[in-house]
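> So that you have it, the file is structure_21.cif, and it contains mmCIF, C-alpha atoms:
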data_upload
#
loop_
_atom_site.label_atom_id
_atom_site.label_comp_id
_atom_site.auth_asym_id
_atom_site.auth_seq_id
_atom_site.Cartn_x
_atom_site.Cartn_y
_atom_site.Cartn_z
CA MET E 294 -21.58 -2.93 -12.81
CA GLY E 295 -19.09 -2.04 -10.08
CA ILE E 296 -16.48 -4.45 -8.80
CA SER E 297 -17.66 -6.35 -5.72
CA LEU E 298 -15.69 -7.31 -2.63
CA GLU E 299 -18.70 -8.94 -0.96
CA GLY E 300 -17.58 -11.62 1.49
CA LYS E 301 -13.97 -10.47 1.48
CA VAL E 302 -11.82 -9.19 4.33
CA VAL E 303 -9.15 -6.68 3.35
CA LEU E 304 -6.29 -5.61 5.62
CA VAL E 305 -4.94 -2.14 4.79
CA THR E 306 -1.84 -0.75 6.48
CA GLY E 307 -1.34 2.97 6.95
CA ALA E 308 -5.08 3.48 6.52
CA GLY E 309 -5.52 6.26 9.05
CA ARG E 310 -5.34 8.97 6.43
CA GLY E 311 -4.59 9.77 2.79
CA GLN E 312 -4.45 7.01 0.23
CA GLY E 313 -4.97 4.20 2.75
CA ALA E 314 -8.09 5.84 4.17
CA ALA E 315 -9.49 6.32 0.66
CA GLU E 316 -8.85 2.66 -0.10
CA ALA E 317 -10.54 1.54 3.12
CA ARG E 318 -13.67 3.52 2.25
CA LEU E 319 -13.79 2.21 -1.30
CA PHE E 320 -13.40 -1.39 -0.12
CA ALA E 321 -16.22 -1.02 2.40
CA GLU E 322 -18.46 0.54 -0.26
CA ALA E 323 -17.73 -2.52 -2.43
CA GLY E 324 -18.91 -4.81 0.38
CA ALA E 325 -15.68 -5.79 2.11
CA ARG E 326 -14.96 -5.86 5.80
CA VAL E 327 -11.84 -3.79 6.34
CA VAL E 328 -9.07 -4.06 8.92
CA VAL E 329 -7.63 -0.56 9.27
CA THR E 330 -4.12 -0.47 10.71
CA ASP E 331 -1.88 2.46 11.55
CA VAL E 332 0.43 3.87 14.23
CA ARG E 333 -1.84 6.94 14.30
CA GLU E 334 -4.46 5.63 16.67
CA ASP E 335 -6.95 8.51 16.67
CA GLU E 336 -7.08 8.79 12.89
CA GLY E 337 -7.19 5.03 12.42
CA ARG E 338 -10.04 4.57 14.88
CA GLU E 339 -11.98 7.37 13.20
CA ILE E 340 -11.69 5.75 9.76
CA ALA E 341 -12.67 2.32 11.11
CA ALA E 342 -15.62 3.81 13.00
CA SER E 343 -16.84 5.50 9.81
CA LEU E 344 -17.13 2.04 8.23
CA GLY E 345 -19.55 0.83 10.91
CA ASP E 346 -19.67 -2.94 11.44
CA GLN E 347 -17.47 -3.39 8.38
CA GLY E 348 -14.48 -1.71 10.02
CA LEU E 349 -11.94 -2.79 12.62
CA PHE E 350 -8.97 -0.73 13.81
CA VAL E 351 -5.77 -2.31 15.10
CA ARG E 352 -2.73 -0.28 16.13
CA HIS E 353 0.14 -1.61 14.09
CA ASP E 354 3.89 -1.14 13.72
CA VAL E 355 4.63 -2.64 10.31
CA THR E 356 8.33 -3.03 11.16
CA ASP E 357 7.59 -5.48 13.97
CA ALA E 358 6.82 -9.15 13.31
CA ALA E 359 4.94 -9.54 16.61
CA SER E 360 2.73 -6.59 15.72
CA TRP E 361 1.92 -8.26 12.39
CA ALA E 362 0.99 -11.47 14.17
CA GLY E 363 -1.35 -9.51 16.44
CA VAL E 364 -3.04 -7.79 13.51
CA VAL E 365 -3.66 -11.05 11.66
CA GLU E 366 -4.97 -12.67 14.85
CA ALA E 367 -7.35 -9.74 15.44
CA ALA E 368 -8.58 -9.87 11.84
CA VAL E 369 -9.31 -13.59 11.97
CA SER E 370 -10.92 -13.28 15.39
CA ALA E 371 -13.24 -10.48 14.22
CA PHE E 372 -13.98 -11.51 10.64
CA GLY E 373 -12.94 -15.17 10.32
CA THR E 374 -10.25 -14.79 7.66
CA VAL E 375 -8.19 -12.40 5.54
CA SER E 376 -8.80 -12.27 1.78
CA ALA E 377 -6.39 -9.53 0.76
CA LEU E 378 -3.52 -7.47 2.12
CA VAL E 379 -2.71 -3.95 0.95
CA ASN E 380 0.80 -2.92 2.01
CA ASN E 381 0.11 0.80 1.90
CA ALA E 382 2.01 2.15 4.93
CA ALA E 383 5.11 4.11 3.93
CA LEU E 384 7.30 7.08 4.74
CA TRP E 385 8.52 9.63 2.20
CA ARG E 386 11.69 11.58 2.91
CA THR E 387 13.97 13.17 0.36
CA ALA E 388 17.62 14.25 0.37
CA HIS E 389 20.62 14.41 -1.93
CA VAL E 390 22.41 11.06 -1.86
CA GLU E 391 25.45 12.60 -0.11
CA LYS E 392 23.29 14.25 2.53
CA GLN E 393 20.93 11.37 3.28
CA SER E 394 21.45 10.28 6.87
CA LEU E 395 22.02 6.65 7.76
CA GLU E 396 19.17 6.91 10.26
CA ASP E 397 16.69 8.08 7.62
CA PHE E 398 17.84 5.45 5.13
CA GLU E 399 17.37 2.67 7.68
CA THR E 400 13.98 4.03 8.79
CA LEU E 401 12.70 4.14 5.22
CA LEU E 402 14.05 0.66 4.57
CA ARG E 403 12.30 -0.76 7.62
CA VAL E 404 8.90 0.85 6.99
CA ASN E 405 8.76 0.74 3.18
CA LEU E 406 10.36 -2.64 2.48
CA LEU E 407 10.74 -4.72 5.62
CA GLY E 408 7.12 -3.91 6.55
CA PRO E 409 5.61 -5.42 3.38
CA PHE E 410 7.97 -8.42 3.63
CA LEU E 411 6.79 -9.15 7.17
CA GLY E 412 3.20 -8.59 6.07
CA ILE E 413 3.42 -11.16 3.31
CA GLN E 414 4.94 -13.67 5.71
CA ALA E 415 2.22 -13.03 8.31
CA VAL E 416 -0.77 -13.14 5.96
CA ALA E 417 0.27 -15.91 3.54
CA PRO E 418 -0.78 -18.82 5.80
CA VAL E 419 -4.28 -17.34 6.24
CA LEU E 420 -4.65 -16.66 2.53
CA ARG E 421 -3.47 -20.20 1.76
CA ALA E 422 -5.98 -21.69 4.20
CA ALA E 423 -8.72 -19.66 2.51
CA GLY E 424 -7.84 -21.11 -0.89
CA GLY E 425 -5.98 -18.07 -2.16
CA GLY E 426 -6.10 -14.31 -2.08
CA SER E 427 -4.36 -11.11 -3.08
CA VAL E 428 -1.46 -8.98 -1.90
CA VAL E 429 -1.07 -5.47 -3.29
CA ASN E 430 2.17 -3.62 -2.58
CA ILE E 431 1.98 0.14 -2.96
CA SER E 432 5.30 1.16 -4.51
CA SER E 433 5.87 4.43 -6.41
CA THR E 434 7.07 5.84 -9.69
CA ALA E 435 10.29 6.25 -7.68
CA GLY E 436 10.43 2.45 -7.88
CA LEU E 437 10.38 2.61 -11.69
CA VAL E 438 12.67 5.52 -12.58
CA GLY E 439 15.43 7.47 -10.88
CA ILE E 440 14.34 10.75 -9.27
CA PRO E 441 16.75 13.35 -7.84
CA GLY E 442 16.75 13.39 -4.05
CA HIS E 443 15.20 9.93 -3.82
CA ALA E 444 18.20 7.65 -3.32
CA ALA E 445 16.84 6.21 -0.07
CA TYR E 446 13.12 6.30 -0.83
CA GLY E 447 13.66 5.05 -4.38
CA SER E 448 15.82 2.19 -3.15
CA THR E 449 13.01 0.97 -0.91
CA LYS E 450 10.43 1.26 -3.67
CA PHE E 451 12.62 -0.48 -6.26
CA GLY E 452 13.15 -3.18 -3.62
CA LEU E 453 9.41 -3.52 -3.11
CA ARG E 454 9.08 -4.07 -6.85
CA GLY E 455 11.52 -6.97 -6.63
CA LEU E 456 9.83 -8.40 -3.55
CA THR E 457 6.53 -8.34 -5.44
CA ARG E 458 7.85 -10.27 -8.41
CA SER E 459 9.60 -12.94 -6.36
CA ALA E 460 6.73 -13.39 -3.90
CA ALA E 461 4.29 -13.72 -6.81
CA LEU E 462 6.26 -16.71 -8.06
CA ASP E 463 6.71 -18.24 -4.62
CA LEU E 464 2.99 -18.03 -3.81
CA ALA E 465 1.35 -18.65 -7.18
CA GLY E 466 0.90 -22.35 -6.43
CA ASP E 467 -1.28 -21.39 -3.47
CA ARG E 468 -3.43 -19.10 -5.65
CA ILE E 469 -2.05 -16.08 -3.82
CA ARG E 470 -1.56 -13.22 -6.26
CA VAL E 471 0.99 -10.47 -5.60
CA ASN E 472 1.07 -7.23 -7.59
CA SER E 473 2.52 -3.75 -7.19
CA VAL E 474 0.97 -0.34 -7.80
CA HIS E 475 3.19 2.64 -8.63
CA PRO E 476 1.50 5.99 -7.96
CA GLY E 477 2.98 9.26 -9.12
CA ALA E 478 2.14 12.55 -7.39
CA ILE E 479 -1.04 11.88 -5.41
CA ASP E 480 -2.82 14.56 -3.40
CA THR E 481 -2.40 13.13 0.10
CA PRO E 482 -1.35 14.77 3.39
CA MET E 483 2.11 13.17 3.11
CA VAL E 484 2.74 14.90 -0.22
CA ALA E 485 0.46 17.94 -0.55
CA GLU E 486 2.29 20.32 1.78
CA ALA E 487 5.68 19.56 0.25
CA VAL E 488 4.50 20.28 -3.30
CA ALA E 489 2.09 23.16 -2.64
CA GLY E 490 1.98 25.58 -5.56
CA ARG E 491 3.93 23.35 -7.91
CA ASP E 492 3.23 23.53 -11.63
CA TRP E 493 2.03 20.15 -12.99
CA SER E 494 2.36 20.97 -16.67
CA HIS E 495 5.10 18.32 -16.96
CA VAL E 496 2.46 15.66 -16.25
CA PRO E 497 0.62 14.73 -19.48
CA LEU E 498 -2.74 14.85 -17.69
CA GLY E 499 -1.76 18.19 -16.15
CA ARG E 500 -2.56 17.56 -12.49
CA MET E 501 -1.92 15.53 -9.36
CA GLY E 502 -3.84 12.32 -8.89
CA ARG E 503 -6.57 11.74 -6.33
CA PRO E 504 -6.26 8.98 -3.72
CA GLU E 505 -9.44 7.39 -5.03
CA GLU E 506 -7.89 7.01 -8.48
CA VAL E 507 -5.25 4.76 -6.96
CA GLY E 508 -7.80 3.07 -4.73
CA GLU E 509 -10.00 1.99 -7.63
CA LEU E 510 -7.08 0.09 -9.15
CA VAL E 511 -6.18 -1.48 -5.82
CA LEU E 512 -9.81 -2.53 -5.37
CA PHE E 513 -9.67 -4.29 -8.75
CA LEU E 514 -6.49 -6.13 -7.73
CA CYS E 515 -8.08 -7.27 -4.47
CA SER E 516 -11.14 -8.58 -6.28
CA ASP E 517 -11.86 -11.76 -8.22
CA ALA E 518 -11.99 -9.63 -11.37
CA SER E 519 -8.16 -9.77 -11.38
CA SER E 520 -7.94 -13.53 -10.77
CA TYR E 521 -5.41 -14.09 -13.59
CA VAL E 522 -3.16 -11.14 -12.71
CA THR E 523 -0.01 -11.65 -10.65
CA GLY E 524 3.57 -10.41 -10.58
CA THR E 525 2.55 -7.30 -12.48
CA GLU E 526 3.30 -3.59 -12.04
CA PHE E 527 0.61 -0.94 -12.49
CA THR E 528 1.50 2.73 -12.89
CA VAL E 529 -0.94 5.48 -11.81
CA ASP E 530 0.88 8.70 -12.63
CA GLY E 531 -1.04 10.65 -15.26
CA GLY E 532 1.43 9.53 -17.89
CA MET E 533 4.43 11.14 -16.18
CA THR E 534 6.85 8.21 -16.59
CA THR E 535 6.01 7.83 -20.27
CA ALA E 536 6.59 11.49 -21.17
#
Show me the file's structure as structure tokens.


Amino acid sequence: MGISLEGKVVLVTGAGRGQGAAEARLFAEAGARVVVTDVREDEGREIAASLGDQGLFVRHDVTDAASWAGVVEAAVSAFGTVSALVNNAALWRTAHVEKQSLEDFETLLRVNLLGPFLGIQAVAPVLRAAGGGSVVNISSTAGLVGIPGHAAYGSTKFGLRGLTRSAALDLAGDRIRVNSVHPGAIDTPMVAEAVAGRDWSHVPLGRMGRPEEVGELVLFLCSDASSYVTGTEFTVDGGMTTA
């Protein structure tokens, strides 16, 4: 029997393409109503439209608190509540630590870490009023181990790991669960072009992951099947960080 999200409303950031879009589709297939947010309006609207009455698109800048307030208001107005938040929106830029620009570091920090922080603050009151819920922060294997060229990106993803653990403790009394997911190399538009032609023999499973393989885990964490799971880190990397 598949995991059900019947009756739930899931807000997914950065859902206009790639991993976020795959998650939105999986959630809708499991019965959820899905709030698709992104700065890419055309792609976001297309994904939401493909979900029919179960989808709603809201343009969203995750680095802006007012934009978060607008998204939550739109979700509640359309669907009555929010049951789960997936902080999926992120930027990936790489550079040697000495060559990383201050501008890029600050941009990554704002999107990849400040965004999820603002999201938790915006959604927590609605989840609390609903009697609990789930927050899933999409981190990275770069938030678990050091990777060359990832000083800025890795800093944000290690930070998201810490935010997850602390928020899980702060919100546990309200039955709000907070967990992090750490994908490795996933075949998404953000990554595919940069790694085209790369040999994946160093990955124990010998290949890149598919967005749906991350999405299935995120679906579980948004569902009642994970009701006793919080403050935990889940790696989806084909065994790469254990090799």

> Record the distance separating CA of Asp335 in chain E and CA of Ala315 in chain E, expressed in Å with one decimal.

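Value for the CA of Asp335 in chain E-CA of Ala315 in chain E distance: 16.4 Å.
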
> Could you spell out the hits of the PyMOL selection byres ((chain E and resi 439-449) around 12) on the shown file, as an mmCIF file with C-alpha atoms, keeping the file's coordinate frame?


data_model
loop_
_atom_site.group_PDB
_atom_site.id
_atom_site.type_symbol
_atom_site.label_atom_id
_atom_site.label_comp_id
_atom_site.auth_asym_id
_atom_site.auth_seq_id
_atom_site.Cartn_x
_atom_site.Cartn_y
_atom_site.Cartn_z
ATOM 1 C CA ALA E 383 5.110 4.110 3.930
ATOM 2 C CA LEU E 384 7.300 7.080 4.740
ATOM 3 C CA TRP E 385 8.520 9.630 2.200
ATOM 4 C CA ARG E 386 11.690 11.580 2.910
ATOM 5 C CA THR E 387 13.970 13.170 0.360
ATOM 6 C CA ALA E 388 17.620 14.250 0.370
ATOM 7 C CA HIS E 389 20.620 14.410 -1.930
ATOM 8 C CA VAL E 390 22.410 11.060 -1.860
ATOM 9 C CA GLU E 391 25.450 12.600 -0.110
ATOM 10 C CA LYS E 392 23.290 14.250 2.530
ATOM 11 C CA GLN E 393 20.930 11.370 3.280
ATOM 12 C CA SER E 394 21.450 10.280 6.870
ATOM 13 C CA LEU E 395 22.020 6.650 7.760
ATOM 14 C CA GLU E 396 19.170 6.910 10.260
ATOM 15 C CA ASP E 397 16.690 8.080 7.620
ATOM 16 C CA PHE E 398 17.840 5.450 5.130
ATOM 17 C CA GLU E 399 17.370 2.670 7.680
ATOM 18 C CA THR E 400 13.980 4.030 8.790
ATOM 19 C CA LEU E 401 12.700 4.140 5.220
ATOM 20 C CA LEU E 402 14.050 0.660 4.570
ATOM 21 C CA ARG E 403 12.300 -0.760 7.620
ATOM 22 C CA VAL E 404 8.900 0.850 6.990
ATOM 23 C CA ASN E 405 8.760 0.740 3.180
ATOM 24 C CA LEU E 406 10.360 -2.640 2.480
ATOM 25 C CA LEU E 407 10.740 -4.720 5.620
ATOM 26 C CA GLY E 408 7.120 -3.910 6.550
ATOM 27 C CA PRO E 409 5.610 -5.420 3.380
ATOM 28 C CA PHE E 410 7.970 -8.420 3.630
ATOM 29 C CA ASN E 430 2.170 -3.620 -2.580
ATOM 30 C CA ILE E 431 1.980 0.140 -2.960
ATOM 31 C CA SER E 432 5.300 1.160 -4.510
ATOM 32 C CA SER E 433 5.870 4.430 -6.410
ATOM 33 C CA THR E 434 7.070 5.840 -9.690
ATOM 34 C CA ALA E 435 10.290 6.250 -7.680
ATOM 35 C CA GLY E 436 10.430 2.450 -7.880
ATOM 36 C CA LEU E 437 10.380 2.610 -11.690
ATOM 37 C CA VAL E 438 12.670 5.520 -12.580
ATOM 38 C CA LYS E 450 10.430 1.260 -3.670
ATOM 39 C CA PHE E 451 12.620 -0.480 -6.260
ATOM 40 C CA GLY E 452 13.150 -3.180 -3.620
ATOM 41 C CA LEU E 453 9.410 -3.520 -3.110
ATOM 42 C CA ARG E 454 9.080 -4.070 -6.850
ATOM 43 C CA GLY E 455 11.520 -6.970 -6.630
ATOM 44 C CA LEU E 456 9.830 -8.400 -3.550
ATOM 45 C CA HIS E 475 3.190 2.640 -8.630
ATOM 46 C CA GLY E 477 2.980 9.260 -9.120
ATOM 47 C CA THR E 534 6.850 8.210 -16.590
#

> Around (-3.6, -13.2, -2.1) in the file's own coordinates, what residues are found within 6 Å if you use only C-alpha atoms, given back as a list in words?

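These residues have at least one counted atom within 6 Å: Ala377, Leu420, Gly425, Gly426, Ser427, Val428, Ile469 and Arg470 of chain E.
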
> Considering only C-alpha atoms, can you say which of E:Gln312, E:Ser516, E:Val471, E:Thr525 comes closest to Val484 in chain E?

E:Gln312

> Kindly indicate which residue among E:Ala423, E:Ala367, E:Val511, E:Ala341 lies nearest to Thr528 in chain E, using all atoms listed in the file for the distances.

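Of all the options, E:Val511 lies closest to Thr528 in chain E.
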
> First collect every listed atom of range 333-340 of chain E; then fit an axis-aligned box around them, widen it by 6 Å on each side, and give centre and edge lengths in Å to one decimal, as lines of an AutoDock Vina configuration file.


center_x = -6.9
center_y = 6.7
center_z = 13.2
size_x = 22.1
size_y = 16.2
size_z = 18.9
